[in-house]
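Dumped work-v2.tsv below, it's TSV, C-alpha atoms and all ligand atoms:
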```
chain	number	residue	atom	x	y	z
A	15	MET	CA	-29.88	37.74	60.87
A	16	GLY	CA	-26.88	36.32	59.01
A	17	LEU	CA	-25.37	32.94	59.80
A	18	PHE	CA	-22.44	34.42	61.68
A	19	ASP	CA	-24.66	36.59	63.90
A	20	ARG	CA	-26.87	33.62	64.66
A	21	LEU	CA	-23.86	31.60	65.69
A	22	LYS	CA	-22.66	34.45	67.89
A	23	LYS	CA	-26.06	34.66	69.52
A	24	GLY	CA	-26.22	30.92	70.06
A	25	LEU	CA	-22.80	30.97	71.69
A	26	GLN	CA	-23.70	33.87	73.94
A	27	ARG	CA	-23.33	32.02	77.23
A	28	THR	CA	-19.95	30.54	76.40
A	29	LYS	CA	-18.84	33.91	75.06
A	30	GLU	CA	-19.79	35.60	78.30
A	31	LEU	CA	-17.79	33.14	80.34
A	32	LEU	CA	-14.73	33.48	78.14
A	33	GLN	CA	-14.87	37.14	77.43
A	34	THR	CA	-15.98	38.57	80.77
A	35	ASP	CA	-13.95	36.40	83.10
A	36	ILE	CA	-10.79	36.12	81.08
A	37	ARG	CA	-10.86	39.73	80.01
A	38	ASP	CA	-11.04	40.65	83.70
A	39	LEU	CA	-7.95	38.60	84.38
A	40	PHE	CA	-5.86	40.51	81.87
A	41	LYS	CA	-7.69	43.81	81.87
A	42	SER	CA	-5.05	46.37	82.76
A	43	GLY	CA	-2.14	45.11	80.69
A	44	GLU	CA	-0.59	43.06	83.45
A	45	LEU	CA	2.53	41.06	83.88
A	46	LEU	CA	1.92	37.45	82.91
A	47	THR	CA	2.81	35.41	85.97
A	48	GLU	CA	2.43	31.73	86.78
A	49	GLU	CA	-0.42	32.66	89.11
A	50	LYS	CA	-2.27	34.41	86.29
A	51	LEU	CA	-1.76	31.42	84.07
A	52	GLU	CA	-3.30	29.14	86.69
A	53	GLN	CA	-6.34	31.43	86.97
A	54	PHE	CA	-6.58	31.49	83.20
A	55	TYR	CA	-6.46	27.69	83.12
A	56	SER	CA	-9.34	27.44	85.62
A	57	LYS	CA	-11.51	29.66	83.43
A	58	LEU	CA	-10.77	27.61	80.34
A	59	ILE	CA	-11.68	24.43	82.21
A	60	LEU	CA	-15.10	25.92	83.01
A	61	THR	CA	-15.93	25.90	79.30
A	62	ASP	CA	-15.57	22.09	79.34
A	63	MET	CA	-12.90	22.06	76.65
A	64	GLY	CA	-11.09	19.39	78.65
A	65	VAL	CA	-7.77	19.24	80.47
A	66	PRO	CA	-5.48	18.46	77.52
A	67	ALA	CA	-6.78	21.35	75.41
A	68	ALA	CA	-6.74	23.84	78.29
A	69	ARG	CA	-3.17	22.79	79.16
A	70	GLU	CA	-2.09	23.15	75.57
A	71	ILE	CA	-3.51	26.67	75.35
A	72	VAL	CA	-2.01	27.75	78.66
A	73	ASP	CA	1.37	26.33	77.67
A	74	GLU	CA	1.33	28.23	74.43
A	75	VAL	CA	0.35	31.47	76.14
A	76	ARG	CA	3.18	30.92	78.64
A	77	GLU	CA	5.66	30.24	75.89
A	78	LYS	CA	4.73	33.34	73.94
A	79	HIS	CA	4.00	35.88	76.62
A	80	PHE	CA	5.47	34.82	79.97
A	81	GLY	CA	7.09	37.54	82.12
A	82	ARG	CA	5.89	40.26	79.77
A	83	THR	CA	3.17	42.82	80.14
A	84	VAL	CA	0.35	41.53	77.99
A	85	VAL	CA	-2.86	42.99	76.72
A	86	ILE	CA	-5.93	40.89	76.21
A	87	ASP	CA	-5.80	41.09	72.42
A	88	GLU	CA	-2.46	39.30	72.38
A	89	ILE	CA	-3.89	36.56	74.56
A	90	TRP	CA	-6.96	36.24	72.33
A	91	ALA	CA	-4.86	35.97	69.19
A	92	THR	CA	-2.86	33.10	70.68
A	93	VAL	CA	-5.96	31.35	72.04
A	94	LYS	CA	-7.87	31.67	68.79
A	95	ALA	CA	-5.06	30.30	66.67
A	96	ARG	CA	-4.58	27.32	68.98
A	97	LEU	CA	-8.31	26.60	69.22
A	98	LYS	CA	-8.61	26.54	65.43
A	99	ILE	CA	-5.81	23.99	65.23
A	100	LEU	CA	-7.35	21.89	68.00
A	101	LEU	CA	-10.76	21.93	66.36
A	102	LYS	CA	-9.60	21.07	62.87
A	103	GLY	CA	-7.99	17.84	63.98
A	104	SER	CA	-5.74	15.87	61.69
A	105	GLU	CA	-8.18	15.71	58.78
A	106	ASN	CA	-8.38	19.48	58.65
A	107	THR	CA	-11.95	19.33	57.40
A	108	LEU	CA	-13.63	22.66	56.85
A	109	TRP	CA	-17.26	22.36	55.86
A	110	ASP	CA	-18.75	25.27	53.95
A	111	VAL	CA	-21.07	27.18	56.31
A	112	GLU	CA	-23.00	28.60	53.38
A	113	ASN	CA	-23.68	25.14	51.98
A	114	PHE	CA	-25.81	23.08	54.35
A	115	LEU	CA	-25.24	19.99	52.28
A	116	SER	CA	-21.45	20.13	52.43
A	117	PRO	CA	-21.00	17.87	55.49
A	118	LEU	CA	-23.26	15.13	54.09
A	119	ALA	CA	-22.17	12.08	52.13
A	120	MET	CA	-24.86	11.99	49.46
A	121	ALA	CA	-25.66	8.84	47.50
A	122	PRO	CA	-24.29	9.01	43.93
A	123	THR	CA	-27.71	7.95	42.62
A	124	GLY	CA	-31.05	7.31	44.25
A	125	PRO	CA	-32.09	8.44	47.71
A	126	THR	CA	-29.58	9.34	50.38
A	127	VAL	CA	-30.49	7.79	53.73
A	128	ILE	CA	-29.64	9.55	56.99
A	129	LEU	CA	-30.15	7.64	60.22
A	130	VAL	CA	-30.25	9.70	63.40
A	131	ALA	CA	-29.58	8.23	66.83
A	132	GLY	CA	-28.65	9.21	70.37
A	133	VAL	CA	-29.62	9.02	74.01
A	134	ASN	CA	-32.97	10.24	75.32
A	135	GLY	CA	-33.89	13.89	75.03
A	136	VAL	CA	-30.65	15.10	73.42
A	137	GLY	CA	-32.45	16.82	70.54
A	138	LYS	CA	-32.70	14.15	67.84
A	139	THR	CA	-36.20	14.91	66.56
A	140	THR	CA	-35.66	18.67	66.58
A	141	SER	CA	-32.34	18.28	64.78
A	142	ILE	CA	-34.02	16.08	62.16
A	143	ALA	CA	-36.64	18.77	61.58
A	144	LYS	CA	-33.91	21.40	61.22
A	145	LEU	CA	-31.92	19.25	58.82
A	146	ALA	CA	-35.01	18.33	56.78
A	147	ASN	CA	-35.88	22.00	56.57
A	148	LEU	CA	-32.41	22.90	55.30
A	149	LEU	CA	-32.54	20.12	52.73
A	150	HIS	CA	-36.03	21.13	51.67
A	151	LYS	CA	-34.97	24.76	51.30
A	152	ALA	CA	-31.99	23.62	49.24
A	153	GLY	CA	-34.50	22.08	46.82
A	154	ARG	CA	-34.14	18.46	47.91
A	155	LYS	CA	-37.20	16.26	48.15
A	156	VAL	CA	-37.27	14.88	51.69
A	157	VAL	CA	-39.08	11.93	53.31
A	158	LEU	CA	-39.09	11.71	57.09
A	159	ALA	CA	-39.47	8.28	58.72
A	160	ALA	CA	-40.95	8.43	62.22
A	161	GLY	CA	-38.91	5.57	63.63
A	162	ASP	CA	-39.50	6.46	67.26
A	163	THR	CA	-42.52	4.23	67.74
A	164	PHE	CA	-41.75	3.90	71.43
A	165	ARG	CA	-42.58	7.30	72.92
A	166	ALA	CA	-46.28	8.03	72.47
A	167	ALA	CA	-45.98	11.63	71.29
A	168	ALA	CA	-42.93	11.15	69.06
A	169	VAL	CA	-44.81	10.44	65.83
A	170	GLU	CA	-47.03	13.44	66.41
A	171	GLN	CA	-44.01	15.65	67.09
A	172	LEU	CA	-42.33	14.70	63.81
A	173	THR	CA	-45.62	14.91	61.89
A	174	MET	CA	-46.08	18.46	63.10
A	175	TRP	CA	-42.60	19.35	61.88
A	176	SER	CA	-43.20	17.70	58.49
A	177	LYS	CA	-46.31	19.86	58.03
A	178	ARG	CA	-44.42	23.01	58.88
A	179	ILE	CA	-41.61	22.13	56.51
A	180	GLY	CA	-43.94	20.83	53.81
A	181	CYS	CA	-42.20	17.50	53.37
A	182	ASP	CA	-43.41	13.93	53.19
A	183	ILE	CA	-43.50	11.66	56.25
A	184	VAL	CA	-43.97	7.93	56.79
A	185	THR	CA	-45.46	6.76	60.08
A	186	LYS	CA	-46.74	3.57	61.67
A	187	PRO	CA	-48.77	3.06	64.83
A	188	SER	CA	-47.14	3.28	68.21
A	189	GLY	CA	-45.34	0.06	69.12
A	190	SER	CA	-44.56	-0.92	65.49
A	191	ASP	CA	-41.13	-2.23	64.60
A	192	PRO	CA	-38.93	0.83	63.97
A	193	ALA	CA	-37.08	-1.10	61.25
A	194	ALA	CA	-40.40	-1.48	59.41
A	195	VAL	CA	-40.89	2.30	59.53
A	196	ALA	CA	-37.36	2.89	58.27
A	197	TYR	CA	-37.95	0.38	55.47
A	198	ALA	CA	-41.25	2.03	54.54
A	199	GLY	CA	-39.50	5.42	54.47
A	200	CYS	CA	-36.95	4.09	52.01
A	201	ALA	CA	-39.65	2.44	49.91
A	202	ARG	CA	-41.59	5.71	49.78
A	203	ALA	CA	-38.49	7.61	48.68
A	204	LEU	CA	-37.88	5.11	45.87
A	205	GLU	CA	-41.50	5.33	44.74
A	206	THR	CA	-41.70	9.10	44.78
A	207	GLY	CA	-38.19	9.82	43.55
A	208	ALA	CA	-37.27	11.62	46.79
A	209	ASP	CA	-33.66	12.70	47.30
A	210	VAL	CA	-33.24	12.16	51.03
A	211	VAL	CA	-34.76	9.97	53.74
A	212	VAL	CA	-34.17	11.06	57.34
A	213	ILE	CA	-34.97	8.42	59.94
A	214	ASP	CA	-35.84	9.33	63.53
A	215	THR	CA	-35.19	6.79	66.27
A	216	ALA	CA	-36.18	6.49	69.91
A	217	GLY	CA	-33.70	7.64	72.53
A	218	ARG	CA	-31.55	4.87	73.98
A	219	LEU	CA	-28.51	4.28	76.11
A	220	GLN	CA	-25.49	2.54	74.67
A	221	THR	CA	-25.85	0.02	77.53
A	222	GLN	CA	-29.31	-1.11	76.43
A	223	GLN	CA	-28.23	-4.02	74.30
A	224	ASN	CA	-31.64	-4.92	72.89
A	225	LEU	CA	-32.11	-1.33	71.73
A	226	MET	CA	-28.62	-1.18	70.26
A	227	LYS	CA	-29.42	-4.38	68.36
A	228	GLN	CA	-32.57	-2.70	67.12
A	229	LEU	CA	-30.43	0.04	65.56
A	230	GLU	CA	-28.35	-2.63	63.84
A	231	LYS	CA	-31.53	-4.14	62.47
A	232	ILE	CA	-32.62	-0.75	61.12
A	233	ARG	CA	-29.25	-0.41	59.41
A	234	ARG	CA	-29.52	-3.84	57.87
A	235	VAL	CA	-33.06	-3.40	56.65
A	236	ILE	CA	-32.46	-0.06	54.96
A	237	GLY	CA	-29.26	-1.41	53.44
A	238	ASP	CA	-31.32	-4.20	51.90
A	239	LYS	CA	-33.77	-1.74	50.40
A	240	ILE	CA	-31.25	0.85	49.22
A	241	PRO	CA	-27.72	-0.40	48.55
A	242	GLY	CA	-25.12	1.65	50.41
A	243	ALA	CA	-27.67	2.97	52.94
A	244	PRO	CA	-27.44	4.45	55.48
A	245	HIS	CA	-25.11	7.00	53.91
A	246	GLU	CA	-24.93	8.96	57.13
A	247	VAL	CA	-25.47	7.87	60.72
A	248	LEU	CA	-25.63	11.04	62.76
A	249	LEU	CA	-25.23	10.85	66.50
A	250	VAL	CA	-26.87	13.74	68.33
A	251	LEU	CA	-25.22	15.02	71.52
A	252	ASP	CA	-26.57	17.49	74.04
A	253	ALA	CA	-24.01	20.24	74.61
A	254	THR	CA	-25.49	21.09	78.00
A	255	THR	CA	-24.26	17.78	79.38
A	256	GLY	CA	-20.73	18.94	78.60
A	257	GLN	CA	-17.94	16.46	79.13
A	258	ASN	CA	-20.29	13.87	80.62
A	259	GLY	CA	-21.89	13.37	77.25
A	260	VAL	CA	-18.61	12.68	75.53
A	261	SER	CA	-17.70	9.33	77.07
A	262	GLN	CA	-21.27	8.18	76.58
A	263	ALA	CA	-21.08	9.18	72.95
A	264	GLN	CA	-17.79	7.39	72.45
A	265	LYS	CA	-19.33	4.06	73.33
A	266	PHE	CA	-22.44	4.79	71.32
A	267	SER	CA	-20.56	5.61	68.17
A	268	GLU	CA	-18.40	2.52	68.45
A	269	SER	CA	-21.39	0.21	68.48
A	270	VAL	CA	-23.42	1.94	65.76
A	271	ALA	CA	-20.66	3.05	63.37
A	272	CYS	CA	-21.68	6.71	63.32
A	273	THR	CA	-20.38	8.99	60.58
A	274	GLY	CA	-20.77	12.34	62.29
A	275	LEU	CA	-22.12	14.33	65.19
A	276	VAL	CA	-24.80	16.92	65.65
A	277	LEU	CA	-24.12	18.97	68.75
A	278	ALA	CA	-27.51	20.27	69.88
A	279	LYS	CA	-28.36	22.92	72.50
A	280	LEU	CA	-25.13	24.88	72.26
A	281	ASP	CA	-27.22	27.95	73.02
A	282	GLY	CA	-28.24	26.55	76.37
A	283	THR	CA	-24.79	26.27	77.86
A	284	ALA	CA	-21.65	28.13	78.83
A	285	LYS	CA	-19.83	24.87	78.15
A	286	GLY	CA	-19.47	25.41	74.42
A	287	GLY	CA	-15.82	24.45	74.85
A	288	VAL	CA	-17.08	20.89	74.82
A	289	VAL	CA	-16.69	21.00	71.03
A	290	VAL	CA	-12.95	20.93	71.60
A	291	ALA	CA	-13.17	17.98	73.99
A	292	ILE	CA	-15.32	16.13	71.47
A	293	ARG	CA	-12.81	16.75	68.70
A	294	GLN	CA	-9.99	15.47	70.89
A	295	GLN	CA	-11.71	12.45	72.37
A	296	MET	CA	-13.86	11.18	69.54
A	297	ASN	CA	-12.94	9.97	66.16
A	298	LEU	CA	-15.93	11.70	64.59
A	299	PRO	CA	-16.44	15.13	63.09
A	300	VAL	CA	-19.06	17.55	64.41
A	301	LYS	CA	-21.10	18.27	61.29
A	302	TYR	CA	-23.85	20.53	62.62
A	303	VAL	CA	-24.53	22.55	65.72
A	304	GLY	CA	-27.96	23.26	67.22
A	305	LEU	CA	-28.40	26.83	68.38
A	306	GLY	CA	-32.00	26.98	69.60
A	307	GLU	CA	-35.40	25.36	69.51
A	308	GLN	CA	-36.60	26.93	66.27
A	309	ILE	CA	-36.41	25.31	62.86
A	310	ASP	CA	-33.71	27.69	61.59
A	311	ASP	CA	-31.49	27.25	64.62
A	312	MET	CA	-28.94	24.89	63.11
A	313	GLU	CA	-25.69	25.54	61.28
A	314	VAL	CA	-22.89	23.70	59.61
A	315	PHE	CA	-19.95	23.43	61.96
A	316	ASN	CA	-16.79	25.10	60.74
A	317	PRO	CA	-13.86	25.47	63.20
A	318	ASP	CA	-12.63	28.82	61.86
A	319	ASN	CA	-16.08	30.32	61.90
A	320	PHE	CA	-16.85	28.87	65.29
A	321	VAL	CA	-13.74	30.32	66.91
A	322	GLU	CA	-14.25	33.72	65.28
A	323	ALA	CA	-17.85	33.83	66.55
A	324	LEU	CA	-16.73	32.82	70.02
A	325	PHE	CA	-14.37	35.79	70.27
A	326	ALA	CA	-16.26	38.35	68.20
A	327	GLY	CA	-17.51	41.40	70.07
B	401	LIG	N1	-32.19	25.44	73.36
B	401	LIG	C1	-32.22	24.39	72.54
B	401	LIG	N2	-33.13	23.42	72.73
B	401	LIG	C2	-33.13	22.38	71.90
B	401	LIG	C3	-32.21	22.25	70.83
B	401	LIG	N3	-32.46	21.09	70.19
B	401	LIG	C4	-33.50	20.53	70.84
B	401	LIG	N4	-33.92	21.28	71.87
B	401	LIG	C5	-35.00	21.02	72.83
B	401	LIG	O1	-34.69	19.86	73.57
B	401	LIG	C6	-35.88	19.15	73.88
B	401	LIG	C7	-35.76	17.71	73.40
B	401	LIG	O2	-35.68	17.73	71.99
B	401	LIG	P1	-36.10	16.51	71.08
B	401	LIG	O3	-35.74	16.87	69.70
B	401	LIG	O4	-37.49	16.08	71.34
B	401	LIG	O5	-35.10	15.40	71.65
B	401	LIG	P2	-35.04	13.85	71.27
B	401	LIG	O6	-33.62	13.45	71.33
B	401	LIG	O7	-35.76	13.59	70.03
B	401	LIG	O8	-35.83	13.23	72.52
B	401	LIG	P3	-36.38	11.73	72.65
B	401	LIG	O9	-37.02	11.38	71.35
B	401	LIG	O10	-37.36	11.78	73.78
B	401	LIG	O11	-35.22	10.84	72.97
B	401	LIG	C8	-37.02	19.91	73.21
B	401	LIG	O12	-37.62	20.74	74.17
B	401	LIG	C9	-36.31	20.73	72.15
B	401	LIG	O13	-37.00	21.93	71.84
B	401	LIG	C10	-31.23	23.29	70.65
B	401	LIG	O14	-30.36	23.28	69.76
B	401	LIG	N5	-31.29	24.34	71.54
B	402	MG	MG	-37.27	12.28	69.57
```
Would you write out, as C-alpha cells, the structure that this file holds?
Ligand SMILES: Nc1nc2c(ncn2[C@@H]2O[C@H](COP(=O)(O)OP(=O)(O)OP(=O)(O)O)[C@@H](O)[C@H]2O)c(=O)[nH]1
Ligand SMILES: [Mg+2]
Amino acid sequence: MGLFDRLKKGLQRTKELLQTDIRDLFKSGELLTEEKLEQFYSKLILTDMGVPAAREIVDEVREKHFGRTVVIDEIWATVKARLKILLKGSENTLWDVENFLSPLAMAPTGPTVILVAGVNGVGKTTSIAKLANLLHKAGRKVVLAAGDTFRAAAVEQLTMWSKRIGCDIVTKPSGSDPAAVAYAGCARALETGADVVVIDTAGRLQTQQNLMKQLEKIRRVIGDKIPGAPHEVLLVLDATTGQNGVSQAQKFSESVACTGLVLAKLDGTAKGGVVVAIRQQMNLPVKYVGLGEQIDDMEVFNPDNFVEALFAG
C-alpha cells in the first residue's frame, strides 16, 4: 500500500464522520440556509478541530455559498482550501512525505539525539520504534536508549522492537537513573559511529515536578556528552484524547522546550480534526502521525496531503 492509501486508511474514522454526515446534510443540492450552516458547524465540532477553526470554515462557506443551491463538491472545495491554510500555520512548513528525515533537525556532524517525552500511554515507545525503523531503512545507524527505567516491562518492550528493526539498544536495570541510560546511549553512538540516538522516557504528567526535573537532567546530561544535543525533543500526543490532550500538551511543551509533535493513534479516532486544534493552539509543528500499532504505521505529516486524504473517496 502506498503512503497516501495508508494515510487514508488510518483516517478512516474521521473520514466517515466528515463524509457521511456532512454529505447527508448537503446531499440533494439544497439551499444553503443559516439552519444548515448550524448543522454543518455541529458536525465539524465533532471532529475536535476546535471552535475557532469550525467557525472560520462555516463563515467562509456562508460567505461563498449562502442563499444559493449548493452541491457537496462546492462545499468540500471550500472546506479543503481553508483546512490547508489552517494547518499550514504562519510558517507554512510542508515536510516531504516521501522523505522521512525531512522533519528532523539533524546534527551537522556526529550523532543526532532525539529525546521523546509525553504523558503515560500516549504511544511514545511505539512511535520511537516506528521512527527508528524509518531511520534504519533510510540507511542511518540507530541506537535506542531505554530511558523508561520506571515501568517494569518498558525495557523489554523497546528491546523487542530493537531486535525486530535490527538496531542497537542501550539498557540499564529497572530503577536506574534515566539520565544515565541517555548518557550511555550517547556514549555508545559516539563509540560506534552511529548517526542517531533515540531516547525513550517514562510517561509523566506535566504537573509531576520531580519527573519534569528529571527530563531537564536528561537534557543536560546528553548536552554535556554531545554538544548541541538533544537536536529534537518530540512530544507524543494521543489523538484519541482529542482536545483534552491539547491543553495538557501546551504545558508540557513549555516546560521541556519541545521541538515538535508526534500525533499517535490517529487511526483510533473520529477526532482527527484535533490536528487543526493543535496547530492553532500550540506553537509546535506536528512532524509525524501514528496510524496504527504496526512498525510501518507512521508517516510524515504534511497538511496538503493530510487534507487530500481526509476528503479522498
Ligand atoms: N491504534 C494505534 N495504537 C497505537 C499507536 N501508537 C501506539 N499505540 C498503542 O498504544 C499503546 C501504548 O503505546 P506505548 O508506545 O507503549 O505508549 P507509551 O507512551 O510508551 O506508554 P508508557 O511508556 O506506559 O507511558 C500500545 O498498545 C500501542 O500499541 C497508533 O498510532 N495507533
Ligand atoms: Mg513507553
Using all atoms listed in the file, which of the listed residues (A:Arg293, A:Arg37, A:Lys301, A:Lys231) sits closest to A:Ile99?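 Looking at the shortest contact to A:Ile99, the residue is A:Arg293.
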Considering only C-alpha atoms and all ligand atoms, state which residue in the set A:Ala160, A:Val111, A:Ala168, A:Leu118 is at the smallest distance from ligand LIG 401 (chain B). A:Ala168
Give me, as a list in words, the set of residues whose atoms come within 6 Å of any atom of ligand MG 402 (chain B), counting all atoms listed in the file.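 Within the 6 Å cut-off, the matching residues are Lys138, Thr139, Ala168 and Ala216 of chain A.
If you look at atom CA of A:Gln26 and atom CA of A:Ala284, they are 7.8 Å away from each other.
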Between atom CA of A:Asn224 and atom CA of A:Ser190, what is the distance in Å, rounded to a tenth?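 Pair atom CA of A:Asn224 / atom CA of A:Ser190 returns 15.4 Å.
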Which residues sit within 9 Å of ligand LIG 401 (chain B), counting only C-alpha atoms and all ligand atoms, listed as a PyMOL selection string? chain A and resi 24+131-143+162+164-165+167-168+171+214-218+250-253+277-283+303-308+311-312
From the options A:Ala152, A:Val247, A:Leu32, A:Val72, which residue's atoms come nearest to A:Glu112, counting only C-alpha atoms?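 Nearest to A:Glu112: A:Ala152.
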Could you give me, as a PyMOL selection string, the residues within 9 Å of A:Thr126, counting all atoms listed in the file and dropping anything in the same chain fewer than 5 positions from it? chain A and resi 119-121+208-212+240+242-246
Would you compute the distance between atom CA of A:Ala193 and atom CA of A:Lys227? Give it in Å to one decimal.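 Atom CA of A:Ala193 sits 11.0 Å away from atom CA of A:Lys227.
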From (-21.9, 0.3, 69.6), in the file's coordinates, out to 12 Å: which residues are reached, counting only C-alpha atoms? Answer as a ChimeraX atom specification. /A:131-132,218-230,249,262-272
